[in-house]
>>> print(open('my_file.txt').read())   # compact mmCIF, N, CA and C atoms
# COMPACT_ATOMS: atom_id res chain seq x y z
N MET A 33 0.85 -1.18 0.00
CA MET A 33 0.00 0.00 0.00
C MET A 33 0.89 1.24 0.00
N LYS A 34 0.54 2.21 -0.82
CA LYS A 34 1.32 3.44 -0.92
C LYS A 34 1.13 4.30 0.32
N ARG A 35 2.12 5.14 0.55
CA ARG A 35 2.13 6.02 1.73
C ARG A 35 0.86 6.87 1.82
N LEU A 36 0.50 7.57 0.76
CA LEU A 36 -0.67 8.45 0.82
C LEU A 36 -1.97 7.67 0.95
N THR A 37 -2.03 6.51 0.33
CA THR A 37 -3.23 5.68 0.46
C THR A 37 -3.40 5.22 1.90
N ALA A 38 -2.32 4.75 2.50
CA ALA A 38 -2.37 4.30 3.89
C ALA A 38 -2.74 5.47 4.80
N PHE A 39 -2.16 6.63 4.55
CA PHE A 39 -2.45 7.82 5.36
C PHE A 39 -3.94 8.17 5.26
N ARG A 40 -4.48 8.10 4.06
CA ARG A 40 -5.91 8.40 3.87
C ARG A 40 -6.79 7.38 4.58
N VAL A 41 -6.40 6.11 4.56
CA VAL A 41 -7.17 5.08 5.28
C VAL A 41 -7.22 5.43 6.77
N GLY A 42 -6.08 5.81 7.34
CA GLY A 42 -6.05 6.20 8.75
C GLY A 42 -6.94 7.40 9.03
N ALA A 43 -6.91 8.40 8.13
CA ALA A 43 -7.75 9.58 8.31
C ALA A 43 -9.23 9.21 8.24
N TRP A 44 -9.60 8.35 7.29
CA TRP A 44 -10.99 7.91 7.17
C TRP A 44 -11.44 7.14 8.40
N ALA A 45 -10.54 6.41 9.05
CA ALA A 45 -10.90 5.70 10.28
C ALA A 45 -11.28 6.69 11.37
N TRP A 46 -10.57 7.81 11.46
CA TRP A 46 -10.92 8.86 12.42
C TRP A 46 -12.29 9.44 12.10
N ILE A 47 -12.53 9.72 10.82
CA ILE A 47 -13.82 10.28 10.41
C ILE A 47 -14.95 9.29 10.70
N ALA A 48 -14.74 8.03 10.38
CA ALA A 48 -15.77 7.01 10.62
C ALA A 48 -16.07 6.87 12.11
N THR A 49 -15.04 6.91 12.93
CA THR A 49 -15.25 6.80 14.38
C THR A 49 -16.05 7.99 14.91
N GLY A 50 -15.67 9.19 14.51
CA GLY A 50 -16.38 10.37 14.96
C GLY A 50 -17.82 10.41 14.47
N THR A 51 -18.03 10.05 13.21
CA THR A 51 -19.38 10.03 12.65
C THR A 51 -20.23 9.00 13.36
N GLY A 52 -19.68 7.81 13.56
CA GLY A 52 -20.42 6.77 14.28
C GLY A 52 -20.76 7.20 15.69
N HIS A 53 -19.84 7.88 16.32
CA HIS A 53 -20.05 8.37 17.68
C HIS A 53 -21.21 9.37 17.72
N LEU A 54 -21.23 10.31 16.77
CA LEU A 54 -22.30 11.31 16.73
C LEU A 54 -23.65 10.68 16.40
N VAL A 55 -23.65 9.71 15.49
CA VAL A 55 -24.90 9.00 15.16
C VAL A 55 -25.41 8.24 16.38
N LEU A 56 -24.52 7.58 17.08
CA LEU A 56 -24.91 6.85 18.29
C LEU A 56 -25.47 7.81 19.35
N ASP A 57 -24.84 8.97 19.51
CA ASP A 57 -25.37 9.98 20.45
C ASP A 57 -26.79 10.36 20.08
N ALA A 58 -27.04 10.60 18.79
CA ALA A 58 -28.38 10.98 18.33
C ALA A 58 -29.38 9.85 18.56
N LEU A 59 -28.98 8.62 18.25
CA LEU A 59 -29.88 7.47 18.45
C LEU A 59 -30.20 7.25 19.92
N MET A 60 -29.23 7.49 20.78
CA MET A 60 -29.47 7.32 22.21
C MET A 60 -30.48 8.34 22.73
N GLU A 61 -30.50 9.52 22.12
CA GLU A 61 -31.49 10.53 22.51
C GLU A 61 -32.90 10.13 22.08
N LEU A 62 -33.00 9.32 21.03
CA LEU A 62 -34.30 8.91 20.49
C LEU A 62 -34.85 7.63 21.11
N ARG A 63 -34.03 6.94 21.89
CA ARG A 63 -34.46 5.65 22.43
C ARG A 63 -35.57 5.83 23.47
N THR A 64 -36.30 4.76 23.68
CA THR A 64 -37.34 4.75 24.72
C THR A 64 -36.66 4.75 26.07
N GLU A 65 -37.12 5.64 26.93
CA GLU A 65 -36.50 5.74 28.25
C GLU A 65 -37.08 4.67 29.18
N THR A 66 -36.22 3.80 29.64
CA THR A 66 -36.61 2.77 30.60
C THR A 66 -36.51 3.36 32.01
N PRO A 67 -37.10 2.70 32.99
CA PRO A 67 -36.97 3.19 34.37
C PRO A 67 -35.50 3.29 34.82
N GLU A 68 -34.66 2.35 34.37
CA GLU A 68 -33.24 2.38 34.75
C GLU A 68 -32.55 3.61 34.16
N ILE A 69 -32.84 3.89 32.88
CA ILE A 69 -32.24 5.05 32.23
C ILE A 69 -32.73 6.34 32.91
N ALA A 70 -34.02 6.39 33.24
CA ALA A 70 -34.58 7.58 33.90
C ALA A 70 -33.90 7.83 35.24
N ARG A 71 -33.67 6.77 36.02
CA ARG A 71 -33.01 6.92 37.33
C ARG A 71 -31.57 7.39 37.16
N ALA A 72 -30.86 6.79 36.21
CA ALA A 72 -29.46 7.17 35.99
C ALA A 72 -29.36 8.62 35.52
N THR A 73 -30.23 9.01 34.60
CA THR A 73 -30.21 10.38 34.09
C THR A 73 -30.56 11.37 35.20
N ALA A 74 -31.54 11.04 36.01
CA ALA A 74 -31.92 11.93 37.12
C ALA A 74 -30.76 12.10 38.09
N ALA A 75 -30.07 11.01 38.40
CA ALA A 75 -28.93 11.10 39.32
C ALA A 75 -27.83 11.98 38.72
N MET A 76 -27.59 11.85 37.41
CA MET A 76 -26.57 12.67 36.76
C MET A 76 -26.98 14.15 36.73
N ARG A 77 -28.27 14.41 36.54
CA ARG A 77 -28.75 15.81 36.55
C ARG A 77 -28.60 16.44 37.93
N GLU A 78 -28.84 15.64 38.96
CA GLU A 78 -28.78 16.15 40.33
C GLU A 78 -27.36 16.46 40.78
N TYR A 79 -26.37 15.71 40.28
CA TYR A 79 -24.99 15.95 40.66
C TYR A 79 -24.44 17.09 39.83
N ARG A 80 -24.21 18.23 40.45
CA ARG A 80 -23.81 19.44 39.75
C ARG A 80 -22.35 19.77 40.06
N LEU A 81 -21.67 20.26 39.05
CA LEU A 81 -20.28 20.69 39.19
C LEU A 81 -20.14 22.09 38.63
N ALA A 82 -19.25 22.88 39.24
CA ALA A 82 -18.97 24.22 38.73
C ALA A 82 -17.53 24.26 38.23
N PHE A 83 -17.36 24.66 36.98
CA PHE A 83 -16.04 24.85 36.38
C PHE A 83 -15.99 26.27 35.82
N GLY A 84 -15.02 27.03 36.25
CA GLY A 84 -14.86 28.38 35.70
C GLY A 84 -16.09 29.25 35.85
N GLY A 85 -16.84 29.07 36.93
CA GLY A 85 -18.00 29.89 37.17
C GLY A 85 -19.28 29.43 36.48
N ILE A 86 -19.20 28.33 35.73
CA ILE A 86 -20.38 27.79 35.05
C ILE A 86 -20.75 26.47 35.71
N GLU A 87 -21.99 26.37 36.17
CA GLU A 87 -22.45 25.14 36.81
C GLU A 87 -23.19 24.28 35.80
N ARG A 88 -22.86 23.00 35.78
CA ARG A 88 -23.50 22.04 34.89
C ARG A 88 -23.78 20.75 35.66
N GLY A 89 -24.81 20.05 35.21
CA GLY A 89 -25.07 18.71 35.73
C GLY A 89 -24.16 17.71 35.04
N MET A 90 -23.93 16.58 35.69
CA MET A 90 -23.07 15.55 35.09
C MET A 90 -23.63 15.08 33.75
N ASP A 91 -24.96 15.08 33.58
CA ASP A 91 -25.53 14.68 32.30
C ASP A 91 -25.13 15.66 31.20
N GLU A 92 -25.13 16.95 31.49
CA GLU A 92 -24.72 17.96 30.51
C GLU A 92 -23.24 17.84 30.19
N ILE A 93 -22.43 17.64 31.22
CA ILE A 93 -20.98 17.50 31.02
C ILE A 93 -20.69 16.26 30.17
N SER A 94 -21.33 15.15 30.51
CA SER A 94 -21.11 13.92 29.76
C SER A 94 -21.53 14.07 28.30
N GLN A 95 -22.70 14.63 28.07
CA GLN A 95 -23.16 14.80 26.70
C GLN A 95 -22.30 15.81 25.94
N GLY A 96 -21.94 16.89 26.59
CA GLY A 96 -21.09 17.88 25.94
C GLY A 96 -19.73 17.32 25.55
N MET A 97 -19.12 16.56 26.45
CA MET A 97 -17.83 15.96 26.15
C MET A 97 -17.96 14.95 25.02
N SER A 98 -19.04 14.19 25.03
CA SER A 98 -19.27 13.18 24.00
C SER A 98 -19.43 13.83 22.63
N LEU A 99 -20.24 14.86 22.54
CA LEU A 99 -20.45 15.55 21.27
C LEU A 99 -19.17 16.23 20.79
N ALA A 100 -18.47 16.87 21.71
CA ALA A 100 -17.21 17.53 21.35
C ALA A 100 -16.19 16.51 20.85
N MET A 101 -16.14 15.33 21.47
CA MET A 101 -15.21 14.30 21.03
C MET A 101 -15.55 13.82 19.63
N GLY A 102 -16.83 13.56 19.36
CA GLY A 102 -17.23 13.11 18.03
C GLY A 102 -16.88 14.12 16.96
N VAL A 103 -17.17 15.40 17.23
CA VAL A 103 -16.86 16.46 16.27
C VAL A 103 -15.35 16.58 16.07
N ALA A 104 -14.59 16.51 17.15
CA ALA A 104 -13.13 16.62 17.06
C ALA A 104 -12.54 15.47 16.25
N LEU A 105 -13.07 14.26 16.41
CA LEU A 105 -12.59 13.12 15.63
C LEU A 105 -12.84 13.34 14.14
N VAL A 106 -14.06 13.77 13.80
CA VAL A 106 -14.40 14.02 12.39
C VAL A 106 -13.48 15.08 11.80
N PHE A 107 -13.34 16.20 12.49
CA PHE A 107 -12.53 17.29 11.94
C PHE A 107 -11.04 16.97 11.92
N SER A 108 -10.56 16.18 12.86
CA SER A 108 -9.15 15.75 12.81
C SER A 108 -8.91 14.89 11.58
N GLY A 109 -9.82 13.96 11.32
CA GLY A 109 -9.70 13.13 10.13
C GLY A 109 -9.78 13.95 8.85
N LEU A 110 -10.72 14.91 8.80
CA LEU A 110 -10.85 15.77 7.62
C LEU A 110 -9.59 16.59 7.40
N LEU A 111 -9.00 17.10 8.49
CA LEU A 111 -7.76 17.87 8.38
C LEU A 111 -6.64 17.01 7.79
N LEU A 112 -6.52 15.79 8.27
CA LEU A 112 -5.49 14.88 7.75
C LEU A 112 -5.74 14.57 6.27
N LEU A 113 -6.99 14.35 5.91
CA LEU A 113 -7.32 14.10 4.50
C LEU A 113 -6.96 15.30 3.62
N ARG A 114 -7.30 16.49 4.08
CA ARG A 114 -7.00 17.70 3.30
C ARG A 114 -5.50 17.89 3.14
N MET A 115 -4.74 17.60 4.19
CA MET A 115 -3.28 17.71 4.08
C MET A 115 -2.75 16.75 3.02
N ALA A 116 -3.27 15.53 3.02
CA ALA A 116 -2.81 14.54 2.05
C ALA A 116 -3.15 14.97 0.63
N ARG A 117 -4.28 15.64 0.47
CA ARG A 117 -4.69 16.05 -0.87
C ARG A 117 -4.00 17.33 -1.34
N LEU A 118 -3.97 18.34 -0.48
CA LEU A 118 -3.47 19.65 -0.89
C LEU A 118 -1.96 19.81 -0.74
N ALA A 119 -1.37 19.06 0.18
CA ALA A 119 0.07 19.20 0.42
C ALA A 119 0.68 17.83 0.69
N PRO A 120 0.66 16.94 -0.30
CA PRO A 120 1.16 15.58 -0.06
C PRO A 120 2.61 15.53 0.42
N ALA A 121 3.39 16.55 0.11
CA ALA A 121 4.79 16.56 0.57
C ALA A 121 4.85 16.69 2.10
N LEU A 122 3.80 17.24 2.72
CA LEU A 122 3.77 17.36 4.18
C LEU A 122 3.52 16.01 4.87
N VAL A 123 3.05 15.05 4.10
CA VAL A 123 2.79 13.72 4.68
C VAL A 123 4.14 12.98 4.72
N ASN A 124 4.99 13.48 5.58
CA ASN A 124 6.34 12.94 5.73
C ASN A 124 6.41 12.04 6.98
N ARG A 125 7.58 11.57 7.29
CA ARG A 125 7.72 10.67 8.46
C ARG A 125 7.27 11.34 9.75
N SER A 126 7.54 12.61 9.88
CA SER A 126 7.17 13.33 11.10
C SER A 126 5.65 13.38 11.27
N LEU A 127 4.92 13.78 10.23
CA LEU A 127 3.46 13.84 10.31
C LEU A 127 2.87 12.44 10.48
N CYS A 128 3.41 11.47 9.77
CA CYS A 128 2.93 10.09 9.90
C CYS A 128 3.15 9.58 11.32
N ALA A 129 4.29 9.93 11.91
CA ALA A 129 4.57 9.52 13.30
C ALA A 129 3.59 10.18 14.26
N LEU A 130 3.27 11.45 14.04
CA LEU A 130 2.30 12.14 14.89
C LEU A 130 0.93 11.47 14.78
N ALA A 131 0.49 11.20 13.55
CA ALA A 131 -0.81 10.55 13.34
C ALA A 131 -0.81 9.14 13.94
N LEU A 132 0.29 8.43 13.80
CA LEU A 132 0.42 7.11 14.40
C LEU A 132 0.34 7.20 15.92
N GLY A 133 1.05 8.15 16.51
CA GLY A 133 1.02 8.33 17.96
C GLY A 133 -0.36 8.69 18.46
N MET A 134 -1.04 9.63 17.77
CA MET A 134 -2.40 10.01 18.15
C MET A 134 -3.31 8.79 18.14
N SER A 135 -3.22 8.02 17.07
CA SER A 135 -4.09 6.85 16.92
C SER A 135 -3.79 5.79 17.96
N ALA A 136 -2.51 5.56 18.24
CA ALA A 136 -2.13 4.55 19.23
C ALA A 136 -2.61 4.92 20.63
N VAL A 137 -2.52 6.21 20.98
CA VAL A 137 -2.99 6.65 22.30
C VAL A 137 -4.50 6.46 22.41
N VAL A 138 -5.24 6.88 21.37
CA VAL A 138 -6.70 6.72 21.40
C VAL A 138 -7.07 5.24 21.36
N LEU A 139 -6.32 4.43 20.65
CA LEU A 139 -6.55 2.98 20.66
C LEU A 139 -6.38 2.43 22.07
N ALA A 140 -5.34 2.84 22.76
CA ALA A 140 -5.11 2.35 24.13
C ALA A 140 -6.27 2.75 25.05
N VAL A 141 -6.73 3.99 24.95
CA VAL A 141 -7.87 4.43 25.76
C VAL A 141 -9.11 3.63 25.38
N SER A 142 -9.29 3.37 24.09
CA SER A 142 -10.45 2.61 23.62
C SER A 142 -10.44 1.19 24.17
N VAL A 143 -9.28 0.54 24.14
CA VAL A 143 -9.17 -0.83 24.68
C VAL A 143 -9.48 -0.82 26.17
N TRP A 144 -9.04 0.21 26.85
CA TRP A 144 -9.23 0.31 28.30
C TRP A 144 -10.69 0.59 28.66
N LEU A 145 -11.37 1.49 27.94
CA LEU A 145 -12.66 1.99 28.42
C LEU A 145 -13.84 1.89 27.45
N LEU A 146 -13.62 1.57 26.19
CA LEU A 146 -14.70 1.69 25.21
C LEU A 146 -15.08 0.34 24.60
N PRO A 147 -16.22 0.30 23.89
CA PRO A 147 -16.65 -0.93 23.25
C PRO A 147 -15.89 -1.22 21.95
N THR A 148 -16.25 -2.28 21.29
CA THR A 148 -15.53 -2.79 20.13
C THR A 148 -15.39 -1.83 18.94
N PRO A 149 -16.42 -1.08 18.52
CA PRO A 149 -16.24 -0.27 17.30
C PRO A 149 -15.05 0.69 17.32
N PRO A 150 -14.85 1.51 18.36
CA PRO A 150 -13.67 2.37 18.31
C PRO A 150 -12.36 1.59 18.43
N ILE A 151 -12.40 0.45 19.09
CA ILE A 151 -11.18 -0.38 19.16
C ILE A 151 -10.82 -0.84 17.76
N ALA A 152 -11.80 -1.33 17.01
CA ALA A 152 -11.55 -1.82 15.65
C ALA A 152 -11.09 -0.68 14.74
N LEU A 153 -11.78 0.46 14.80
CA LEU A 153 -11.43 1.56 13.90
C LEU A 153 -10.09 2.19 14.24
N PHE A 154 -9.75 2.29 15.51
CA PHE A 154 -8.44 2.85 15.84
C PHE A 154 -7.31 1.84 15.65
N THR A 155 -7.65 0.55 15.61
CA THR A 155 -6.66 -0.44 15.19
C THR A 155 -6.34 -0.22 13.72
N VAL A 156 -7.39 -0.02 12.91
CA VAL A 156 -7.19 0.27 11.48
C VAL A 156 -6.36 1.54 11.32
N ALA A 157 -6.70 2.59 12.05
CA ALA A 157 -5.97 3.86 11.95
C ALA A 157 -4.50 3.68 12.34
N THR A 158 -4.27 2.98 13.43
CA THR A 158 -2.90 2.79 13.91
C THR A 158 -2.07 2.01 12.90
N VAL A 159 -2.63 0.93 12.38
CA VAL A 159 -1.91 0.14 11.36
C VAL A 159 -1.68 0.97 10.10
N ALA A 160 -2.72 1.69 9.65
CA ALA A 160 -2.60 2.48 8.42
C ALA A 160 -1.53 3.56 8.56
N PHE A 161 -1.53 4.28 9.68
CA PHE A 161 -0.52 5.32 9.87
C PHE A 161 0.87 4.71 10.07
N GLY A 162 0.92 3.51 10.65
CA GLY A 162 2.20 2.81 10.76
C GLY A 162 2.75 2.45 9.38
N VAL A 163 1.87 1.99 8.50
CA VAL A 163 2.28 1.68 7.12
C VAL A 163 2.73 2.96 6.43
N ALA A 164 1.96 4.04 6.58
CA ALA A 164 2.34 5.31 5.95
C ALA A 164 3.71 5.77 6.45
N TRP A 165 3.94 5.64 7.76
CA TRP A 165 5.23 6.02 8.33
C TRP A 165 6.36 5.19 7.73
N SER A 166 6.12 3.88 7.61
CA SER A 166 7.17 3.00 7.10
C SER A 166 7.47 3.25 5.62
N ARG A 167 6.51 3.80 4.89
CA ARG A 167 6.68 4.08 3.46
C ARG A 167 7.18 5.50 3.18
N ALA A 168 7.14 6.35 4.20
CA ALA A 168 7.57 7.75 4.01
C ALA A 168 9.09 7.80 3.88
N PRO A 169 9.58 8.65 3.00
CA PRO A 169 11.03 8.74 2.83
C PRO A 169 11.71 9.20 4.12
N ARG A 170 12.86 8.63 4.37
CA ARG A 170 13.66 9.06 5.52
C ARG A 170 14.32 10.38 5.19
N PRO A 171 14.42 11.26 6.20
CA PRO A 171 15.11 12.53 5.93
C PRO A 171 16.56 12.28 5.55
N SER A 172 17.04 13.04 4.60
CA SER A 172 18.44 12.87 4.20
C SER A 172 19.34 13.53 5.22
N SER A 173 20.48 12.88 5.47
CA SER A 173 21.41 13.39 6.50
C SER A 173 22.46 14.26 5.87
>>> encode(input="my_file.txt", output="structure tokens")
Amino acid sequence: MKRLTAFRVGAWAWIATGTGHLVLDALMELRTETPEIARATAAMREYRLAFGGIERGMDEISQGMSLAMGVALVFSGLLLLRMARLAPALVNRSLCALALGMSAVVLAVSVWLLPTPPIALFTVATVAFGVAWSRAPRPSS
């Protein structure tokens, strides 16, 4: 697999993960509320935290972080795709190493705390960016 192709595969894995995350967030809002969900949501609403003078319930903080994460994943992937398209010379060993490191860290967090879909997609991203890194020209000395 060519360097830019592998790099694009890794970027698309980020986009797919973020998009799936946002779709899942939307679907969870549409689900039928069971008594268990109602109790958990009520408990999260009741537990309030203040950060920087703004008070929020744990439900708001959780949802806000979740939505922000999904959007950040999509836009990170889009940024990487645009770099590969508009400035392929920038897809060098250094950028590939950064993308590989980002993906490996998120993969580790996913294995630790998340379900199978992000584990699978960040495995794809990590392998793809690793391939891109291995195919990128070494800097001349």
>>> select_by_dssp(input="my_file.txt", residues="chain A", states="strand (DSSP E)", output="list in words")
Arg80, Leu81, Ala82, Phe83, Ile86, Glu87, Arg88 and Gly89 of chain A
>>> atom_distance(input="my_file.txt", atom1="atom N of Gly42 of chain A", atom2="atom N of Glu61 of chain A")
28.8 Å
>>> atom_distance(input="my_file.txt", atom1="atom CA of Leu111 of chain A", atom2="atom CA of Ile47 of chain A")
9.9 Å
>>> atom_distance(input="my_file.txt", atom1="atom N of Asn124 of chain A", atom2="atom CA of Ser172 of chain A")
13.5 Å
>>> axis_aligned_box(input="my_file.txt", around="segment 33-40 of chain A", padding_each_side="8 Å", output="AutoDock Vina command-line options")
--center_x -2.3 --center_y 3.6 --center_z 2.2 --size_x 24.9 --size_y 25.6 --size_z 22.3
>>> closest_residue(input="my_file.txt", among="A:Cys128, A:Leu105, A:Ile69, A:Gly96", to="Gly50 of chain A", atoms="only N, CA and C atoms")
A:Leu105
>>> closest_residue(input="my_file.txt", among="A:Ala104, A:Ala136, A:Ala131, A:Ala164", to="Thr49 of chain A", atoms="only C-alpha atoms")
A:Ala104
>>> closest_residue(input="my_file.txt", among="A:Ala75, A:Leu54, A:Val123, A:Met60", to="Met101 of chain A", atoms="only C-alpha atoms")
A:Leu54
>>> closest_residue(input="my_file.txt", among="A:Ala100, A:Leu139, A:Ala82, A:Leu56", to="Val156 of chain A", atoms="only C-alpha atoms")
A:Leu139
>>> select_by_dssp(input="my_file.txt", residues="segment 49-118 of chain A", states="helix (DSSP H, G or I)", output="PyMOL selection string")
chain A and resi 49-62+67-78+90-118
>>> residues_around(input="my_file.txt", residues="Trp44 of chain A", least_positions_apart="6", cutoff="8 Å", atoms="only N, CA and C atoms", output="compact mmCIF listing (two decimals) with N, CA and C atoms, in the frame of the given file")
# COMPACT_ATOMS: atom_id res chain seq x y z
N ALA A 38 -2.32 4.75 2.50
CA ALA A 38 -2.37 4.30 3.89
C ALA A 38 -2.74 5.47 4.80
N GLY A 50 -15.67 9.19 14.51
CA GLY A 50 -16.38 10.37 14.96
C GLY A 50 -17.82 10.41 14.47
N SER A 108 -10.56 16.18 12.86
CA SER A 108 -9.15 15.75 12.81
C SER A 108 -8.91 14.89 11.58
N GLY A 109 -9.82 13.96 11.32
CA GLY A 109 -9.70 13.13 10.13
C GLY A 109 -9.78 13.95 8.85
N LEU A 110 -10.72 14.91 8.80
CA LEU A 110 -10.85 15.77 7.62
C LEU A 110 -9.59 16.59 7.40
N LEU A 112 -6.52 15.79 8.27
CA LEU A 112 -5.49 14.88 7.75
C LEU A 112 -5.74 14.57 6.27
N LEU A 113 -6.99 14.35 5.91
CA LEU A 113 -7.32 14.10 4.50
C LEU A 113 -6.96 15.30 3.62
N LEU A 153 -11.78 0.46 14.80
CA LEU A 153 -11.43 1.56 13.90
C LEU A 153 -10.09 2.19 14.24
N ALA A 157 -6.70 2.59 12.05
CA ALA A 157 -5.97 3.86 11.95
C ALA A 157 -4.50 3.68 12.34
>>> residues_near_point(input="my_file.txt", point="(3.1, 0.4, 16.2)", cutoff="8 Å", atoms="only C-alpha atoms", output="PyMOL selection string")
chain A and resi 132+136+158-159+162
>>> decode(input="my_file.txt", residues="segment 44-112 of chain A", atoms="C-alpha atoms", output="PDB file, in the first residue's frame")
ATOM      1  CA  TRP A  44     -10.994   7.914   7.171  1.00  0.00           C
ATOM      2  CA  ALA A  45     -10.898   5.696  10.279  1.00  0.00           C
ATOM      3  CA  TRP A  46     -10.925   8.859  12.419  1.00  0.00           C
ATOM      4  CA  ILE A  47     -13.824  10.275  10.405  1.00  0.00           C
ATOM      5  CA  ALA A  48     -15.774   7.009  10.617  1.00  0.00           C
ATOM      6  CA  THR A  49     -15.245   6.799  14.379  1.00  0.00           C
ATOM      7  CA  GLY A  50     -16.384  10.374  14.964  1.00  0.00           C
ATOM      8  CA  THR A  51     -19.382  10.030  12.651  1.00  0.00           C
ATOM      9  CA  GLY A  52     -20.418   6.769  14.283  1.00  0.00           C
ATOM     10  CA  HIS A  53     -20.050   8.373  17.678  1.00  0.00           C
ATOM     11  CA  LEU A  54     -22.300  11.307  16.729  1.00  0.00           C
ATOM     12  CA  VAL A  55     -24.900   8.995  15.162  1.00  0.00           C
ATOM     13  CA  LEU A  56     -24.915   6.850  18.293  1.00  0.00           C
ATOM     14  CA  ASP A  57     -25.367   9.978  20.451  1.00  0.00           C
ATOM     15  CA  ALA A  58     -28.382  10.979  18.333  1.00  0.00           C
ATOM     16  CA  LEU A  59     -29.878   7.474  18.448  1.00  0.00           C
ATOM     17  CA  MET A  60     -29.474   7.316  22.209  1.00  0.00           C
ATOM     18  CA  GLU A  61     -31.489  10.530  22.512  1.00  0.00           C
ATOM     19  CA  LEU A  62     -34.298   8.914  20.488  1.00  0.00           C
ATOM     20  CA  ARG A  63     -34.459   5.655  22.432  1.00  0.00           C
ATOM     21  CA  THR A  64     -37.335   4.752  24.715  1.00  0.00           C
ATOM     22  CA  GLU A  65     -36.499   5.739  28.254  1.00  0.00           C
ATOM     23  CA  THR A  66     -36.607   2.768  30.602  1.00  0.00           C
ATOM     24  CA  PRO A  67     -36.966   3.195  34.372  1.00  0.00           C
ATOM     25  CA  GLU A  68     -33.244   2.379  34.748  1.00  0.00           C
ATOM     26  CA  ILE A  69     -32.244   5.055  32.228  1.00  0.00           C
ATOM     27  CA  ALA A  70     -34.578   7.580  33.900  1.00  0.00           C
ATOM     28  CA  ARG A  71     -33.013   6.920  37.327  1.00  0.00           C
ATOM     29  CA  ALA A  72     -29.462   7.171  35.994  1.00  0.00           C
ATOM     30  CA  THR A  73     -30.213  10.381  34.093  1.00  0.00           C
ATOM     31  CA  ALA A  74     -31.923  11.927  37.116  1.00  0.00           C
ATOM     32  CA  ALA A  75     -28.925  11.101  39.319  1.00  0.00           C
ATOM     33  CA  MET A  76     -26.567  12.674  36.757  1.00  0.00           C
ATOM     34  CA  ARG A  77     -28.748  15.812  36.548  1.00  0.00           C
ATOM     35  CA  GLU A  78     -28.777  16.145  40.334  1.00  0.00           C
ATOM     36  CA  TYR A  79     -24.989  15.949  40.664  1.00  0.00           C
ATOM     37  CA  ARG A  80     -23.808  19.438  39.748  1.00  0.00           C
ATOM     38  CA  LEU A  81     -20.279  20.693  39.193  1.00  0.00           C
ATOM     39  CA  ALA A  82     -18.973  24.223  38.726  1.00  0.00           C
ATOM     40  CA  PHE A  83     -16.043  24.853  36.376  1.00  0.00           C
ATOM     41  CA  GLY A  84     -14.862  28.376  35.703  1.00  0.00           C
ATOM     42  CA  GLY A  85     -18.005  29.893  37.168  1.00  0.00           C
ATOM     43  CA  ILE A  86     -20.381  27.791  35.052  1.00  0.00           C
ATOM     44  CA  GLU A  87     -22.446  25.139  36.810  1.00  0.00           C
ATOM     45  CA  ARG A  88     -23.501  22.039  34.890  1.00  0.00           C
ATOM     46  CA  GLY A  89     -25.069  18.714  35.732  1.00  0.00           C
ATOM     47  CA  MET A  90     -23.069  15.552  35.087  1.00  0.00           C
ATOM     48  CA  ASP A  91     -25.534  14.684  32.299  1.00  0.00           C
ATOM     49  CA  GLU A  92     -24.723  17.957  30.510  1.00  0.00           C
ATOM     50  CA  ILE A  93     -20.983  17.501  31.019  1.00  0.00           C
ATOM     51  CA  SER A  94     -21.110  13.917  29.758  1.00  0.00           C
ATOM     52  CA  GLN A  95     -23.162  14.799  26.697  1.00  0.00           C
ATOM     53  CA  GLY A  96     -21.095  17.883  25.937  1.00  0.00           C
ATOM     54  CA  MET A  97     -17.827  15.956  26.152  1.00  0.00           C
ATOM     55  CA  SER A  98     -19.268  13.184  24.005  1.00  0.00           C
ATOM     56  CA  LEU A  99     -20.454  15.549  21.265  1.00  0.00           C
ATOM     57  CA  ALA A 100     -17.212  17.531  21.350  1.00  0.00           C
ATOM     58  CA  MET A 101     -15.210  14.299  21.033  1.00  0.00           C
ATOM     59  CA  GLY A 102     -17.232  13.112  18.030  1.00  0.00           C
ATOM     60  CA  VAL A 103     -16.861  16.458  16.269  1.00  0.00           C
ATOM     61  CA  ALA A 104     -13.126  16.617  17.059  1.00  0.00           C
ATOM     62  CA  LEU A 105     -12.585  13.124  15.627  1.00  0.00           C
ATOM     63  CA  VAL A 106     -14.396  14.017  12.395  1.00  0.00           C
ATOM     64  CA  PHE A 107     -12.532  17.289  11.938  1.00  0.00           C
ATOM     65  CA  SER A 108      -9.152  15.745  12.813  1.00  0.00           C
ATOM     66  CA  GLY A 109      -9.704  13.128  10.127  1.00  0.00           C
ATOM     67  CA  LEU A 110     -10.849  15.772   7.623  1.00  0.00           C
ATOM     68  CA  LEU A 111      -7.760  17.874   8.379  1.00  0.00           C
ATOM     69  CA  LEU A 112      -5.493  14.884   7.753  1.00  0.00           C
TER      70      LEU A 112
END
